file my_file_20.txt (compact mmCIF, C-alpha atoms)
# COMPACT_ATOMS: atom_id res chain seq x y z
CA MET C 166 1.87 22.99 3.85
CA GLN C 167 3.97 20.46 1.95
CA ARG C 168 5.86 23.34 0.41
CA GLU C 169 6.72 24.59 3.90
CA PHE C 170 7.31 21.33 5.80
CA ASN C 171 8.43 18.79 3.16
CA SER C 172 11.62 20.53 2.20
CA MET C 173 14.09 18.62 0.03
CA ALA C 174 16.79 19.91 2.38
CA SER C 175 15.52 17.63 5.15
CA GLN C 176 16.45 14.52 3.20
CA GLY C 177 17.02 12.28 6.20
CA SER C 178 13.94 13.32 8.14
CA LYS C 179 10.41 11.94 8.08
CA THR C 180 7.90 13.39 5.67
CA LEU C 181 5.54 15.50 7.76
CA VAL C 182 2.60 16.41 5.50
CA TYR C 183 0.62 14.15 3.19
CA ASN C 184 -2.17 15.23 0.89
CA THR C 185 -5.14 12.84 0.60
CA TYR C 186 -6.47 12.02 -2.85
CA GLN C 187 -9.90 10.41 -3.04
CA MET C 188 -9.55 8.36 -6.20
CA TYR C 189 -13.28 7.84 -6.64
CA ARG C 190 -13.35 11.40 -7.99
CA ALA C 191 -13.02 11.67 -11.76
CA ASP C 192 -10.47 14.49 -11.43
CA ALA C 193 -8.34 12.89 -8.69
CA TYR C 194 -5.62 11.35 -10.85
CA GLN C 195 -4.94 14.52 -12.82
CA ARG C 196 -4.96 16.61 -9.63
CA MET C 197 -2.38 14.29 -8.13
CA VAL C 198 -0.17 14.49 -11.24
CA ASP C 199 -0.45 18.28 -11.31
CA ASP C 200 0.53 18.52 -7.63
CA TYR C 201 3.45 16.16 -8.14
CA GLU C 202 4.75 18.21 -11.07
CA ARG C 203 4.37 21.40 -9.03
CA ALA C 204 6.43 19.87 -6.23
CA ALA C 205 9.15 18.90 -8.72
CA ARG C 206 9.25 22.43 -10.16
CA GLU C 207 9.31 24.16 -6.77
CA GLY C 208 11.71 21.75 -5.08
CA TRP C 209 9.72 20.19 -2.22
CA ARG C 210 8.95 16.57 -1.44
CA PHE C 211 5.59 15.38 -2.67
CA ALA C 212 3.70 13.01 -0.34
CA ALA C 213 0.34 11.44 -1.14
CA LYS C 214 -2.15 9.32 0.73
CA LEU C 215 -4.34 7.48 -1.75
CA VAL C 216 -7.82 6.37 -0.70
CA ARG C 217 -10.71 5.20 -2.82
CA GLY C 218 -13.19 7.60 -1.22
CA ALA C 219 -15.83 7.88 1.45
CA TYR C 220 -18.83 9.79 0.14
CA MET C 221 -19.90 8.24 -3.18
CA GLU C 222 -23.64 8.21 -2.56
CA LEU C 223 -23.61 11.64 -0.91
CA GLU C 224 -21.71 13.09 -3.88
CA ARG C 225 -24.18 11.60 -6.35
CA ASP C 226 -27.20 12.81 -4.41
CA ARG C 227 -25.79 16.31 -4.00
CA ALA C 228 -24.93 16.59 -7.71
CA GLU C 229 -28.46 15.50 -8.66
CA GLU C 230 -30.04 17.86 -6.15
CA LEU C 231 -28.04 20.89 -7.29
CA GLY C 232 -28.12 20.00 -10.98
CA TYR C 233 -24.44 19.58 -11.83
CA PRO C 234 -22.57 16.57 -13.29
CA SER C 235 -21.51 13.97 -10.76
CA PRO C 236 -17.82 14.49 -9.91
CA ILE C 237 -17.15 10.80 -9.21
CA ASN C 238 -16.20 7.90 -11.44
CA PRO C 239 -19.08 6.19 -13.24
CA SER C 240 -18.43 2.78 -11.66
CA LEU C 241 -16.58 0.97 -8.89
CA GLU C 242 -14.40 -0.69 -11.54
CA ALA C 243 -13.36 2.74 -12.82
CA THR C 244 -12.46 3.75 -9.26
CA HIS C 245 -10.33 0.61 -8.82
CA ALA C 246 -8.54 1.38 -12.11
CA THR C 247 -7.92 5.02 -11.13
CA TYR C 248 -6.61 3.99 -7.71
CA ASN C 249 -4.21 1.40 -9.12
CA ARG C 250 -3.08 3.82 -11.82
CA GLY C 251 -2.23 6.48 -9.25
CA VAL C 252 -0.30 4.01 -7.10
CA ARG C 253 1.64 2.72 -10.10
CA MET C 254 2.55 6.24 -11.25
CA LEU C 255 3.96 7.24 -7.86
CA MET C 256 5.83 3.97 -7.38
CA GLU C 257 7.53 4.41 -10.75
CA GLU C 258 8.55 7.93 -9.70
CA ILE C 259 9.87 6.59 -6.36
CA ALA C 260 11.93 3.93 -8.14
CA SER C 261 13.29 6.48 -10.63
CA ALA C 262 14.28 8.92 -7.88
CA GLN C 263 16.01 6.20 -5.84
CA LYS C 264 18.04 5.08 -8.85
CA ALA C 265 19.08 8.69 -9.48
CA GLY C 266 20.02 9.24 -5.82
CA ALA C 267 17.37 11.92 -5.47
CA VAL C 268 14.74 12.48 -2.78
CA ALA C 269 11.81 10.24 -3.69
CA PRO C 270 8.16 11.15 -3.29
CA ALA C 271 6.28 9.38 -0.51
CA LEU C 272 3.23 7.17 -0.96
CA PHE C 273 0.74 6.08 1.70
CA VAL C 274 -1.41 3.22 0.41
CA ALA C 275 -4.64 3.45 2.41
CA SER C 276 -6.62 0.45 1.21
CA HIS C 277 -8.43 -2.67 2.41
CA ASN C 278 -8.53 -4.06 -1.13
CA ASN C 279 -6.51 -7.28 -1.43
CA GLU C 280 -5.95 -6.92 -5.17
CA SER C 281 -4.53 -3.40 -4.81
CA ILE C 282 -2.23 -4.47 -1.97
CA GLU C 283 -0.98 -7.47 -3.96
CA LYS C 284 -0.28 -5.16 -6.91
CA VAL C 285 1.76 -2.85 -4.66
CA LEU C 286 3.81 -5.77 -3.31
CA GLN C 287 4.45 -7.03 -6.84
CA GLN C 288 5.50 -3.56 -8.01
CA LEU C 289 7.84 -3.13 -5.03
CA ARG C 290 9.68 -6.24 -6.23
CA GLU C 291 9.52 -5.40 -9.94
CA LEU C 292 10.79 -1.84 -9.49
CA GLY C 293 13.37 -2.74 -6.83
CA ILE C 294 12.16 -0.06 -4.41
CA ASP C 295 14.13 0.26 -1.18
CA THR C 296 11.58 0.49 1.66
CA ALA C 297 14.14 1.30 4.39
CA ASN C 298 13.16 4.97 4.64
CA GLU C 299 9.44 4.23 4.22
CA PRO C 300 8.79 5.78 0.80
CA VAL C 301 5.81 3.39 0.59
CA MET C 302 3.59 2.79 3.63
CA PHE C 303 0.27 1.04 4.21
CA GLY C 304 -2.70 2.08 6.33
CA GLN C 305 -5.85 0.24 7.33
CA LEU C 306 -8.70 0.58 9.78
CA LEU C 307 -8.30 -1.42 13.00
CA GLY C 308 -10.60 -4.44 12.72
CA MET C 309 -10.56 -4.53 8.91
CA GLN C 310 -8.11 -6.74 7.04
CA ASP C 311 -6.08 -7.25 10.21
CA ALA C 312 -4.69 -10.53 8.86
CA VAL C 313 -3.34 -8.66 5.84
CA SER C 314 -1.88 -6.02 8.17
CA TYR C 315 -0.05 -8.68 10.16
CA ALA C 316 1.31 -10.23 6.97
CA LEU C 317 2.64 -6.85 5.81
CA ALA C 318 4.26 -6.20 9.19
CA LYS C 319 5.77 -9.68 9.24
CA SER C 320 7.36 -8.90 5.87
CA GLY C 321 8.99 -5.82 7.38
CA LEU C 322 6.77 -3.29 5.61
CA PRO C 323 5.44 -0.21 7.45
CA ILE C 324 1.76 -0.68 8.25
CA TYR C 325 -0.29 1.71 10.34
CA LYS C 326 -3.66 0.90 11.93
CA TYR C 327 -6.00 3.78 12.70
CA VAL C 328 -8.88 3.98 15.14
CA PRO C 329 -11.82 6.31 14.49
CA TYR C 330 -13.41 7.70 17.64
CA GLY C 331 -16.31 9.92 18.56
CA PRO C 332 -20.06 9.77 19.18
CA LEU C 333 -21.62 6.48 18.05
CA ASP C 334 -24.06 8.14 15.67
CA GLU C 335 -21.12 9.73 13.84
CA VAL C 336 -18.68 6.82 13.92
CA MET C 337 -21.05 4.07 12.72
CA PRO C 338 -21.95 5.73 9.38
CA TYR C 339 -18.23 6.22 8.79
CA LEU C 340 -17.50 2.54 9.41
CA ILE C 341 -20.39 1.47 7.18
CA ARG C 342 -19.06 3.65 4.36
CA ARG C 343 -15.66 2.02 4.74
CA ALA C 344 -17.18 -1.41 4.21
CA GLN C 345 -19.29 -0.20 1.28
CA GLU C 346 -16.20 1.02 -0.57
CA ASN C 347 -15.12 -2.53 -1.20
CA SER C 348 -17.57 -5.42 -1.09
CA ALA C 349 -14.66 -7.87 -0.81
CA VAL C 350 -14.01 -6.60 2.72
CA ALA C 351 -17.15 -8.31 3.99
CA SER C 352 -15.89 -11.83 3.21
CA SER C 353 -12.48 -10.96 4.62
CA ILE C 354 -14.06 -9.82 7.89
CA LEU C 355 -15.89 -13.15 8.17
CA LYS C 356 -12.62 -15.04 7.67
CA GLU C 357 -10.86 -12.91 10.26
CA ALA C 358 -13.71 -13.31 12.73
CA SER C 359 -13.52 -17.09 12.30
CA SER C 360 -9.75 -17.03 12.85
CA VAL C 361 -10.05 -14.88 15.96
CA MET C 362 -12.80 -17.08 17.43
CA SER C 363 -10.67 -20.18 16.83
CA GLU C 364 -7.76 -18.55 18.61
CA ILE C 365 -9.96 -17.51 21.55
CA LYS C 366 -11.31 -21.06 21.81
CA ASN C 367 -7.78 -22.49 21.76
CA ARG C 368 -6.69 -20.18 24.56
CA LEU C 369 -9.77 -20.83 26.69
CA THR C 370 -9.43 -24.59 26.35
CA GLY C 371 -5.66 -24.49 26.80
CA SER C 372 -5.06 -26.15 23.45
CA LYS C 373 -1.40 -25.99 22.49
CA GLY C 374 0.44 -27.10 19.45
CA ARG C 375 -2.70 -26.76 17.37
CA LYS C 376 -2.05 -25.13 14.05
CA ALA C 377 -3.48 -21.62 13.85
CA ALA C 378 -6.33 -21.03 11.46
CA PRO C 379 -5.34 -19.54 8.07
CA GLY C 380 -5.10 -15.77 8.26
CA SER C 381 -5.03 -15.75 12.05
CA ALA C 382 -4.65 -12.25 13.43
CA SER C 383 -3.37 -13.17 16.87
CA ALA C 384 -1.19 -10.58 18.57
CA SER C 385 1.81 -12.89 18.51
CA SER C 386 1.93 -12.98 14.71
CA SER C 387 3.83 -9.72 14.36
CA SER C 388 4.09 -6.21 15.68
CA ILE C 389 2.18 -3.38 14.05
CA ASN C 390 2.87 0.31 14.23
CA ALA C 391 -0.15 2.12 15.61

call {"tool": "encode", "arguments": {"input": "my_file_20.txt", "output": "structure tokens"}}
result
Amino acid sequence: MQREFNSMASQGSKTLVYNTYQMYRADAYQRMVDDYERAAREGWRFAAKLVRGAYMELERDRAEELGYPSPINPSLEATHATYNRGVRMLMEEIASAQKAGAVAPALFVASHNNESIEKVLQQLRELGIDTANEPVMFGQLLGMQDAVSYALAKSGLPIYKYVPYGPLDEVMPYLIRRAQENSAVASSILKEASSVMSEIKNRLTGSKGRKAAPGSASASSSSINA
């Protein structure tokens, strides 16, 4: 589909099709590199959405049940390293293409991990990437890391919040898996909940001029693309 809809000829238009790479898989990085090189050979714009992954335990259980080697990374640390490596590789290619005046690949950073997001921001500065045409975007689940989302939006970076919907018995396992991907999310949620409760209390009591709690995710902080 990228070959058909992400034509290099449509240089000024939005990228339409992204391929998702679940970086918890041991083969994900090489698959991404192979696809990028294929796009370069065939002349279409490569666009990738990088996620850590959603089905670690299910993958392990299935591999054990059917008697084949587990396809996922041996540890969470290895998944973090693979994710950051993939992001770095694509950002270097984006910077190189921009300097050459060519059509750059597109990267969608789908992560709730603070360290990964900080690395992306640092690399944007180091590599001098122009974000005007959104070659690098961020995506997070509504209700997770909202304070980080507001900070990204306030800095003028494209951030998209997504909302899963459906029957409760299907949505809840999905949300639980999201939190399990990164244990650091749990403490961030507690901080955000505290900030939101402080803001609600301030509004109910009519308190004005009180300094907002650190990391406050109030709607007035910034606008976010949904």

call {"tool": "residues_around", "arguments": {"input": "my_file_20.txt", "residues": "stretch 267-273 of chain C", "least_positions_apart": "4", "cutoff": "6 Å", "atoms": "only C-alpha atoms", "output": "list in words"}}
result
Arg210, Phe211, Ala212, Ala213, Lys214, Ile259, Ala262, Gln263, Pro300, Val301, Met302 and Phe303 of chain C

call {"tool": "atom_distance", "arguments": {"input": "my_file_20.txt", "atom1": "atom CA of C:Pro234", "atom2": "atom CA of C:Ala246"}}
result
20.7 Å

call {"tool": "residues_near_point", "arguments": {"input": "my_file_20.txt", "point": "(13.8, -0.7, -8.7)", "cutoff": "12 Å", "atoms": "only C-alpha atoms", "output": "list in words"}}
result
Met256, Glu257, Glu258, Ile259, Ala260, Ser261, Ala262, Gln263, Lys264, Ala265, Gln287, Gln288, Leu289, Arg290, Glu291, Leu292, Gly293, Ile294, Asp295 and Thr296 of chain C

call {"tool": "closest_residue", "arguments": {"input": "my_file_20.txt", "among": "C:Gly208, C:Ala191, C:His277, C:Arg196", "to": "C:Thr244", "atoms": "all atoms listed in the file"}}
result
C:Ala191

call {"tool": "atom_distance", "arguments": {"input": "my_file_20.txt", "atom1": "atom CA of C:Arg253", "atom2": "atom CA of C:Lys284"}}
result
8.7 Å
